[in-house]
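Undergrad: Structure file protein35.pdb (PDB, C-alpha atoms) is given on the next line.
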MODEL        1
ATOM      1  CA  MET A  23       4.329  21.908 -21.235
ATOM      2  CA  ALA A  24       2.799  19.008 -19.301
ATOM      3  CA  SER A  25       0.746  19.819 -16.230
ATOM      4  CA  LYS A  26       1.187  18.082 -12.899
ATOM      5  CA  SER A  27      -1.356  15.336 -12.238
ATOM      6  CA  LEU A  28      -3.952  16.088  -9.582
ATOM      7  CA  HIS A  29      -3.876  12.434  -8.558
ATOM      8  CA  TYR A  30      -1.155  11.325  -6.149
ATOM      9  CA  GLN A  31       0.845   8.268  -7.201
ATOM     10  CA  GLY A  32       2.208   6.479  -4.145
ATOM     11  CA  ASN A  33       5.751   5.186  -3.839
ATOM     12  CA  HIS A  34       4.360   1.610  -3.431
ATOM     13  CA  THR A  35       6.675   0.770  -0.538
ATOM     14  CA  PHE A  36       5.696  -1.536   2.276
ATOM     15  CA  SER A  37       7.404  -2.968   5.327
ATOM     16  CA  LYS A  38       7.443  -6.542   6.565
ATOM     17  CA  THR A  39       6.113  -7.004  10.087
ATOM     18  CA  GLU A  40       6.201 -10.015  12.399
ATOM     19  CA  LYS A  41       2.883 -11.313  11.041
ATOM     20  CA  GLY A  42       2.554  -9.607   7.655
ATOM     21  CA  TYR A  43       3.006  -6.168   6.119
ATOM     22  CA  ILE A  44       2.274  -2.501   6.821
ATOM     23  CA  ILE A  45       1.650   0.179   4.216
ATOM     24  CA  TYR A  46       1.598   3.897   5.046
ATOM     25  CA  PRO A  47      -0.315   6.565   3.086
ATOM     26  CA  LYS A  48       2.771   7.751   1.151
ATOM     27  CA  ALA A  49       2.675   4.356  -0.609
ATOM     28  CA  LEU A  50      -0.982   4.690  -1.699
ATOM     29  CA  ASN A  51      -2.509   6.091  -4.874
ATOM     30  CA  ILE A  52      -4.962   8.846  -3.923
ATOM     31  CA  VAL A  53      -7.386  10.360  -6.417
ATOM     32  CA  TRP A  54      -7.142  14.169  -6.063
ATOM     33  CA  GLY A  55      -4.229  13.632  -3.637
ATOM     34  CA  ASN A  56      -1.975  16.230  -5.293
ATOM     35  CA  ASP A  57      -4.572  18.976  -4.898
ATOM     36  CA  LYS A  58      -4.174  20.773  -1.564
ATOM     37  CA  ARG A  59      -7.850  21.798  -1.663
ATOM     38  CA  PHE A  60      -8.790  18.146  -1.193
ATOM     39  CA  TRP A  61      -6.011  16.312   0.671
ATOM     40  CA  LYS A  62      -3.271  17.096   3.158
ATOM     41  CA  LEU A  63      -0.359  14.700   2.601
ATOM     42  CA  SER A  64       2.597  14.691   4.958
ATOM     43  CA  LYS A  65       6.172  14.712   3.753
ATOM     44  CA  TYR A  66       6.937  12.053   6.381
ATOM     45  CA  GLU A  67       6.484   8.387   5.506
ATOM     46  CA  LYS A  68       4.596   7.253   8.604
ATOM     47  CA  ASP A  69       2.248  10.232   9.005
ATOM     48  CA  GLY A  70      -1.362   9.878   7.986
ATOM     49  CA  ALA A  71      -3.124  11.360   4.978
ATOM     50  CA  GLU A  72      -5.954  13.789   5.819
ATOM     51  CA  LEU A  73      -8.955  14.216   3.584
ATOM     52  CA  ILE A  74     -10.045  17.855   3.519
ATOM     53  CA  GLN A  75     -12.994  17.359   1.165
ATOM     54  CA  VAL A  76     -13.946  15.310  -1.883
ATOM     55  CA  ASN A  77     -17.060  13.921  -3.482
ATOM     56  CA  TRP A  78     -15.083  11.014  -5.011
ATOM     57  CA  LEU A  79     -13.031   8.997  -2.499
ATOM     58  CA  GLU A  80     -10.674   6.512  -4.108
ATOM     59  CA  VAL A  81      -7.509   5.346  -2.345
ATOM     60  CA  THR A  82      -5.742   2.251  -3.674
ATOM     61  CA  GLY A  83      -2.514   0.347  -3.279
ATOM     62  CA  CYS A  84      -0.862  -3.013  -3.609
ATOM     63  CA  ILE A  85       1.981  -5.095  -2.345
ATOM     64  CA  ASP A  86       3.835  -7.300  -4.779
ATOM     65  CA  ASN A  87       6.330 -10.129  -4.842
ATOM     66  CA  ILE A  88       4.211 -12.041  -2.342
ATOM     67  CA  ASN A  89       5.563 -15.553  -2.586
ATOM     68  CA  VAL A  90       3.483 -17.486  -0.070
ATOM     69  CA  ALA A  91       1.774 -20.858   0.160
ATOM     70  CA  LYS A  92      -1.341 -21.450  -1.928
ATOM     71  CA  LYS A  93      -3.800 -21.522   0.991
ATOM     72  CA  THR A  94      -2.519 -18.426   2.779
ATOM     73  CA  SER A  95      -5.057 -15.792   3.837
ATOM     74  CA  PHE A  96      -4.588 -12.233   5.049
ATOM     75  CA  ASP A  97      -6.743  -9.818   6.991
ATOM     76  CA  VAL A  98      -6.380  -6.512   5.189
ATOM     77  CA  GLY A  99      -6.917  -3.852   7.874
ATOM     78  CA  PHE A 100      -7.650  -0.208   7.104
ATOM     79  CA  THR A 101      -6.755   1.965  10.095
ATOM     80  CA  VAL A 102      -8.671   5.253   9.860
ATOM     81  CA  SER A 103     -10.155   7.962  12.064
ATOM     82  CA  LEU A 104     -12.607  10.830  11.704
ATOM     83  CA  LEU A 105     -11.329  14.255  12.717
ATOM     84  CA  THR A 106     -13.451  16.488  14.960
ATOM     85  CA  ASP A 107     -14.574  18.550  11.964
ATOM     86  CA  ALA A 108     -15.533  15.505   9.844
ATOM     87  CA  PHE A 109     -18.625  15.900   7.686
ATOM     88  CA  GLY A 110     -20.650  14.068   5.057
ATOM     89  CA  TRP A 111     -20.223  10.515   6.372
ATOM     90  CA  ARG A 112     -23.705   9.873   7.782
ATOM     91  CA  ASP A 113     -25.109   8.793   4.405
ATOM     92  CA  SER A 114     -21.792   7.859   2.823
ATOM     93  CA  PRO A 115     -20.604   4.379   3.751
ATOM     94  CA  ILE A 116     -17.168   3.474   2.488
ATOM     95  CA  TYR A 117     -16.292   0.264   0.710
ATOM     96  CA  LEU A 118     -13.149  -1.734   1.405
ATOM     97  CA  MET A 119     -11.781  -3.930  -1.366
ATOM     98  CA  ALA A 120      -9.074  -6.576  -1.501
ATOM     99  CA  LYS A 121      -8.044  -8.607  -4.543
ATOM    100  CA  TRP A 122      -5.564 -11.462  -4.826
ATOM    101  CA  GLY A 123      -5.430 -13.322  -8.119
ATOM    102  CA  ASP A 124      -9.009 -13.981  -9.217
ATOM    103  CA  ASN A 125     -10.379 -13.584  -5.663
ATOM    104  CA  THR A 126     -11.969 -10.184  -4.936
ATOM    105  CA  GLN A 127     -13.697  -9.263  -1.659
ATOM    106  CA  TRP A 128     -15.739  -6.147  -0.753
ATOM    107  CA  ARG A 129     -16.961  -4.865   2.611
ATOM    108  CA  LYS A 130     -19.276  -1.945   3.355
ATOM    109  CA  VAL A 131     -18.451   0.142   6.461
ATOM    110  CA  ASN A 132     -20.436   3.007   7.998
ATOM    111  CA  LEU A 133     -17.816   5.229   9.619
ATOM    112  CA  THR A 134     -20.178   7.332  11.747
ATOM    113  CA  THR A 135     -21.632   4.217  13.382
ATOM    114  CA  ASP A 136     -18.407   2.253  13.698
ATOM    115  CA  ILE A 137     -16.124   5.023  14.964
ATOM    116  CA  ASN A 138     -18.693   6.568  17.345
ATOM    117  CA  GLY A 139     -16.270   8.647  19.414
ATOM    118  CA  LYS A 140     -13.283   6.309  19.117
ATOM    119  CA  LYS A 141     -10.023   7.882  18.061
ATOM    120  CA  MET A 142      -9.169   5.252  15.497
ATOM    121  CA  ILE A 143     -10.595   2.049  14.100
ATOM    122  CA  SER A 144      -9.261  -0.763  12.001
ATOM    123  CA  LYS A 145     -11.741  -2.437   9.706
ATOM    124  CA  THR A 146     -10.615  -5.652   8.064
ATOM    125  CA  ILE A 147     -11.486  -7.678   5.039
ATOM    126  CA  LYS A 148     -10.270 -11.268   4.651
ATOM    127  CA  ILE A 149      -8.605 -12.285   1.380
ATOM    128  CA  THR A 150      -7.359 -15.719   0.364
ATOM    129  CA  LYS A 151      -4.938 -16.326  -2.472
ATOM    130  CA  GLY A 152      -6.805 -16.885  -5.708
ATOM    131  CA  LYS A 153      -5.770 -18.396  -9.021
ATOM    132  CA  GLY A 154      -4.949 -16.806 -12.347
ATOM    133  CA  ASN A 155      -2.855 -13.746 -13.048
ATOM    134  CA  ASN A 156      -1.196 -11.533 -10.439
ATOM    135  CA  VAL A 157      -1.131 -14.097  -7.627
ATOM    136  CA  ASP A 158       2.102 -12.476  -6.422
ATOM    137  CA  LYS A 159       0.257  -9.158  -5.809
ATOM    138  CA  ILE A 160      -2.424  -8.164  -3.315
ATOM    139  CA  TYR A 161      -4.474  -5.115  -4.306
ATOM    140  CA  PHE A 162      -6.585  -3.135  -1.821
ATOM    141  CA  GLY A 163      -8.683  -0.001  -1.823
ATOM    142  CA  LEU A 164     -10.970   2.348   0.051
ATOM    143  CA  TYR A 165     -13.865   3.813  -1.951
ATOM    144  CA  GLU A 166     -16.895   6.089  -1.764
ATOM    145  CA  VAL A 167     -17.649   7.137  -5.317
ATOM    146  CA  TRP A 168     -21.368   6.466  -5.638
ATOM    147  CA  ASN A 169     -23.368   9.102  -3.774
ATOM    148  CA  LYS A 170     -21.451  12.186  -5.053
ATOM    149  CA  LYS A 171     -21.891  14.046  -1.729
ATOM    150  CA  TRP A 172     -19.041  16.092  -0.315
ATOM    151  CA  LYS A 173     -17.295  14.545   2.650
ATOM    152  CA  GLY A 174     -14.189  15.396   4.653
ATOM    153  CA  GLY A 175     -12.286  14.940   7.883
ATOM    154  CA  LEU A 176     -11.103  11.366   7.306
ATOM    155  CA  LYS A 177      -7.562  10.444   8.278
ATOM    156  CA  ILE A 178      -5.911   7.340   6.855
ATOM    157  CA  HIS A 179      -3.190   6.029   9.182
ATOM    158  CA  SER A 180      -2.099   2.734   7.610
ATOM    159  CA  ILE A 181      -3.059  -0.463   5.868
ATOM    160  CA  ASN A 182      -2.006  -3.667   7.646
ATOM    161  CA  LEU A 183      -1.925  -7.106   6.097
ATOM    162  CA  THR A 184      -1.878  -9.793   8.754
ATOM    163  CA  GLU A 185      -1.399 -13.439   7.820
ATOM    164  CA  ILE A 186      -4.132 -15.656   9.276
TER     165      ILE A 186
ENDMDL
END
If you took the structure in this file and wrote it as structure tokens, what would it be?

TA:
Amino acid sequence: MASKSLHYQGNHTFSKTEKGYIIYPKALNIVWGNDKRFWKLSKYEKDGAELIQVNWLEVTGCIDNINVAKKTSFDVGFTVSLLTDAFGWRDSPIYLMAKWGDNTQWRKVNLTTDINGKKMISKTIKITKGKGNNVDKIYFGLYEVWNKKWKGGLKIHSINLTEI
């Protein structure tokens, strides 16, 4: 008998907005997302995903069938917050990634400095359409897999792609 995967596979849905796209956590792939010891996932599409605790943060997704002009760029915005009981972020910056064709961009973000009492922040990374394979897909991710320290209390609200 096959066991259920501990990693959550998102439904990969996204919605068109006036200036781009929005992706909610139910559409994302979340490592350890099916294990209730590590993540709290809502049954509702637009509710956030809450990290209880992990030492390997990896949340990824993509939108496909993007048929846009060659020079188009998007700001890929990660809207997140730290809950009042958040821990482990002081020495654990997260890395944002966006990939479109052969163009890959990374950005390092320190959540404890950048949130600093704010309810929610949106950190963006700019991506321009590259060449090569998969130019009709934009991949994105949120990572902290290097320091192996336990961290928790992060809430992921949405990913927004805004055409610029």

Undergrad: Tell me, in Å to one decimal, how far CA of Leu118 (chain A) is from CA of Lys68 (chain A).

TA: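 Interatomic distance here is 21.2 Å.
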
Undergrad: Report the centre and edge lengths, in Å to one decimal, of an axis-aligned box enclosing every atom of region 105-112 of chain A listed in the file, padded by 6 Å on each side, as AutoDock Vina command-line options.

TA:
--center_x -17.5 --center_y 14.2 --center_z 10.0 --size_x 24.4 --size_y 20.7 --size_z 21.9

Undergrad: If the PyMOL selection byres ((chain A and resi 156) around 9) is run on the structure shown, which residues does it catch, given as a PyMOL selection string?

TA: chain A and resi 86+122-124+153-155+157-160

Undergrad: Can you tell me which residues surround Gly175 (chain A) at a distance of at most 6 Å, considering all atoms listed in the file, apart from same-chain residues fewer than 6 positions away, and format the answer as a list in words?

TA: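 Within the cut-off, the hits are Leu73, Ile74, Leu104, Leu105, Asp107 and Ala108 of chain A.
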
Undergrad: Might you spell out which residues the PyMOL selection byres ((chain A and resi 79) around 6) would select in the displayed file, as a ChimeraX atom specification?

TA: /A:78,80,165-167

Undergrad: Identify which of the residues A:Trp128, A:Tyr30, A:Lys121, A:Ile186 lies closest to Asp57 (chain A), counting all atoms listed in the file when measuring atom-to-atom distances.

TA: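 Closest to Asp57 (chain A), using all atoms listed in the file: A:Tyr30.
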
Undergrad: What is the CA of Val102 (chain A) to CA of Ser180 (chain A) distance in Å?

TA: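 Taking CA of Val102 (chain A) and CA of Ser180 (chain A), their separation equals 7.4 Å.
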
Undergrad: Point out the residue among A:Val81, A:Glu72, A:Lys41, A:Ser144 with the least atom-to-atom distance to His29 (chain A), counting only C-alpha atoms.

TA: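 For His29 (chain A), the nearest of the candidates is A:Val81.
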
Undergrad: I'd like the interatomic distance between CA of Gly55 (chain A) and CA of Lys26 (chain A), to a tenth of an Å.

TA: 11.6 Å

Undergrad: Ranking A:Lys148, A:Lys171, A:Lys48, A:Lys130 by minimum distance to Thr184 (chain A) and counting all atoms listed in the file, which one comes first?

TA: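 Looking at the shortest contact to Thr184 (chain A), the residue is A:Lys148.
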
Undergrad: Tell me which protein, DNA and RNA residues are within 8 Å of Gln31 (chain A), counting only C-alpha atoms, leaving out same-chain ones fewer than 2 positions away, and put them as a ChimeraX atom specification.

TA: /A:29,33,49-52

Undergrad: Using the chain letters and numbering of this document, enumerate as an mmCIF file with C-alpha atoms, keeping the file's coordinate frame the residues selected by the PyMOL selection byres ((chain A and resi 172) around 9).

TA:
data_model
loop_
_atom_site.group_PDB
_atom_site.id
_atom_site.type_symbol
_atom_site.label_atom_id
_atom_site.label_comp_id
_atom_site.auth_asym_id
_atom_site.auth_seq_id
_atom_site.Cartn_x
_atom_site.Cartn_y
_atom_site.Cartn_z
ATOM 1 C CA GLN A 75 -12.994 17.359 1.165
ATOM 2 C CA VAL A 76 -13.946 15.310 -1.883
ATOM 3 C CA ASN A 77 -17.060 13.921 -3.482
ATOM 4 C CA TRP A 78 -15.083 11.014 -5.011
ATOM 5 C CA PHE A 109 -18.625 15.900 7.686
ATOM 6 C CA GLY A 110 -20.650 14.068 5.057
ATOM 7 C CA TRP A 111 -20.223 10.515 6.372
ATOM 8 C CA ASN A 169 -23.368 9.102 -3.774
ATOM 9 C CA LYS A 170 -21.451 12.186 -5.053
ATOM 10 C CA LYS A 171 -21.891 14.046 -1.729
ATOM 11 C CA LYS A 173 -17.295 14.545 2.650
ATOM 12 C CA GLY A 174 -14.189 15.396 4.653
#

Undergrad: Which one of A:Thr106, A:Ser114, A:Asn182, A:Ser95 sits closest to Ile149 (chain A) if you count all atoms listed in the file?

TA: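 Among A:Thr106, A:Ser114, A:Asn182, A:Ser95, it is A:Ser95 that comes nearest to Ile149 (chain A).
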
Undergrad: What's the 10 Å shell around Gly70 (chain A), counting only C-alpha atoms, without same-chain residues fewer than 4 positions away, as a list in words?

TA: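 Once the nearby chain positions are removed, what remains is Tyr46, Pro47, Lys48, Lys62, Leu63, Ser64, Lys65, Tyr66, Thr101, Val102, Ser103, Leu176, Lys177, Ile178, His179 and Ser180 of chain A.
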
Undergrad: Can you tell me which residues surround Gly42 (chain A) at a distance of at most 12 Å, considering all atoms listed in the file, apart from same-chain residues fewer than 6 positions away, and format the answer as JSON, numbers by chain?

TA: {"A": [36, 85, 88, 90, 94, 95, 96, 97, 98, 99, 181, 182, 183, 184, 185, 186]}

Undergrad: Restricting the calculation to all atoms listed in the file, which member of A:Thr134, A:Lys145, A:Tyr161, A:Asn87 is positioned closest to Ala120 (chain A)?

TA: A:Tyr161

Undergrad: Which of these, A:Ala71, A:Leu28, A:Ile44, A:Leu133, has the shortest distance to Arg112 (chain A) once you count all atoms listed in the file?

TA: A:Leu133

Undergrad: Take region 41-52 of chain A, model all heavy atoms, and hand the result over as a compact mmCIF listing (two decimals), keeping the file's coordinate frame.

TA:
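Below you can see rebuild-v5.txt, which holds the result:
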# COMPACT_ATOMS: atom_id res chain seq x y z
N LYS A 41 3.96 -10.45 11.54
CA LYS A 41 2.88 -11.31 11.04
C LYS A 41 2.36 -10.90 9.67
O LYS A 41 1.30 -11.37 9.25
CB LYS A 41 1.73 -11.31 12.03
CG LYS A 41 2.09 -11.93 13.37
CD LYS A 41 0.89 -12.01 14.27
CE LYS A 41 1.27 -12.66 15.58
NZ LYS A 41 0.13 -12.83 16.46
N GLY A 42 3.06 -10.02 8.96
CA GLY A 42 2.55 -9.61 7.66
C GLY A 42 3.27 -8.39 7.11
O GLY A 42 4.50 -8.36 7.05
N TYR A 43 2.47 -7.36 6.77
CA TYR A 43 3.01 -6.17 6.12
C TYR A 43 2.26 -4.94 6.60
O TYR A 43 1.10 -5.02 7.00
CB TYR A 43 2.83 -6.25 4.59
CG TYR A 43 3.46 -7.49 4.00
CD1 TYR A 43 2.72 -8.66 3.85
CD2 TYR A 43 4.79 -7.50 3.61
CE1 TYR A 43 3.28 -9.81 3.32
CE2 TYR A 43 5.37 -8.64 3.09
CZ TYR A 43 4.61 -9.79 2.94
OH TYR A 43 5.17 -10.92 2.42
N ILE A 44 2.92 -3.77 6.53
CA ILE A 44 2.27 -2.50 6.82
C ILE A 44 2.57 -1.54 5.67
O ILE A 44 3.69 -1.52 5.14
CB ILE A 44 2.72 -1.91 8.19
CG1 ILE A 44 1.87 -0.69 8.54
CG2 ILE A 44 4.20 -1.60 8.21
CD1 ILE A 44 1.99 -0.25 9.99
N ILE A 45 1.54 -0.79 5.30
CA ILE A 45 1.65 0.18 4.22
C ILE A 45 1.17 1.52 4.76
O ILE A 45 0.07 1.60 5.35
CB ILE A 45 0.77 -0.24 3.01
CG1 ILE A 45 1.19 -1.61 2.49
CG2 ILE A 45 0.86 0.80 1.89
CD1 ILE A 45 0.39 -2.74 3.02
N TYR A 46 1.97 2.56 4.60
CA TYR A 46 1.60 3.90 5.05
C TYR A 46 1.05 4.71 3.87
O TYR A 46 1.29 4.37 2.71
CB TYR A 46 2.80 4.59 5.68
CG TYR A 46 3.23 3.93 6.97
CD1 TYR A 46 4.35 3.12 7.02
CD2 TYR A 46 2.47 4.09 8.13
CE1 TYR A 46 4.73 2.50 8.20
CE2 TYR A 46 2.83 3.46 9.31
CZ TYR A 46 3.97 2.67 9.34
OH TYR A 46 4.33 2.06 10.50
N PRO A 47 0.33 5.80 4.15
CA PRO A 47 -0.32 6.56 3.09
C PRO A 47 0.61 7.05 1.96
O PRO A 47 0.15 7.17 0.83
CB PRO A 47 -0.94 7.75 3.83
CG PRO A 47 -1.27 7.18 5.17
CD PRO A 47 -0.10 6.27 5.47
N LYS A 48 1.86 7.31 2.22
CA LYS A 48 2.77 7.75 1.15
C LYS A 48 2.91 6.69 0.06
O LYS A 48 3.31 6.99 -1.05
CB LYS A 48 4.16 8.08 1.71
CG LYS A 48 4.22 9.32 2.56
CD LYS A 48 3.95 10.55 1.77
CE LYS A 48 5.22 11.28 1.46
NZ LYS A 48 4.97 12.58 0.86
N ALA A 49 2.57 5.44 0.36
CA ALA A 49 2.68 4.36 -0.61
C ALA A 49 1.40 4.18 -1.43
O ALA A 49 1.39 3.41 -2.38
CB ALA A 49 3.00 3.05 0.11
N LEU A 50 0.33 4.89 -1.08
CA LEU A 50 -0.98 4.69 -1.70
C LEU A 50 -1.21 5.64 -2.87
O LEU A 50 -0.67 6.75 -2.90
CB LEU A 50 -2.08 4.90 -0.65
CG LEU A 50 -1.97 4.02 0.59
CD1 LEU A 50 -3.02 4.44 1.61
CD2 LEU A 50 -2.12 2.56 0.22
N ASN A 51 -2.04 5.22 -3.80
CA ASN A 51 -2.51 6.09 -4.87
C ASN A 51 -3.78 6.76 -4.38
O ASN A 51 -4.71 6.08 -3.93
CB ASN A 51 -2.82 5.29 -6.14
CG ASN A 51 -1.60 4.56 -6.65
OD1 ASN A 51 -0.49 5.07 -6.60
ND2 ASN A 51 -1.81 3.35 -7.14
N ILE A 52 -3.83 8.10 -4.46
CA ILE A 52 -4.96 8.85 -3.92
C ILE A 52 -5.50 9.77 -5.01
O ILE A 52 -4.81 10.69 -5.45
CB ILE A 52 -4.54 9.67 -2.68
CG1 ILE A 52 -3.97 8.74 -1.60
CG2 ILE A 52 -5.72 10.48 -2.16
CD1 ILE A 52 -3.39 9.45 -0.39
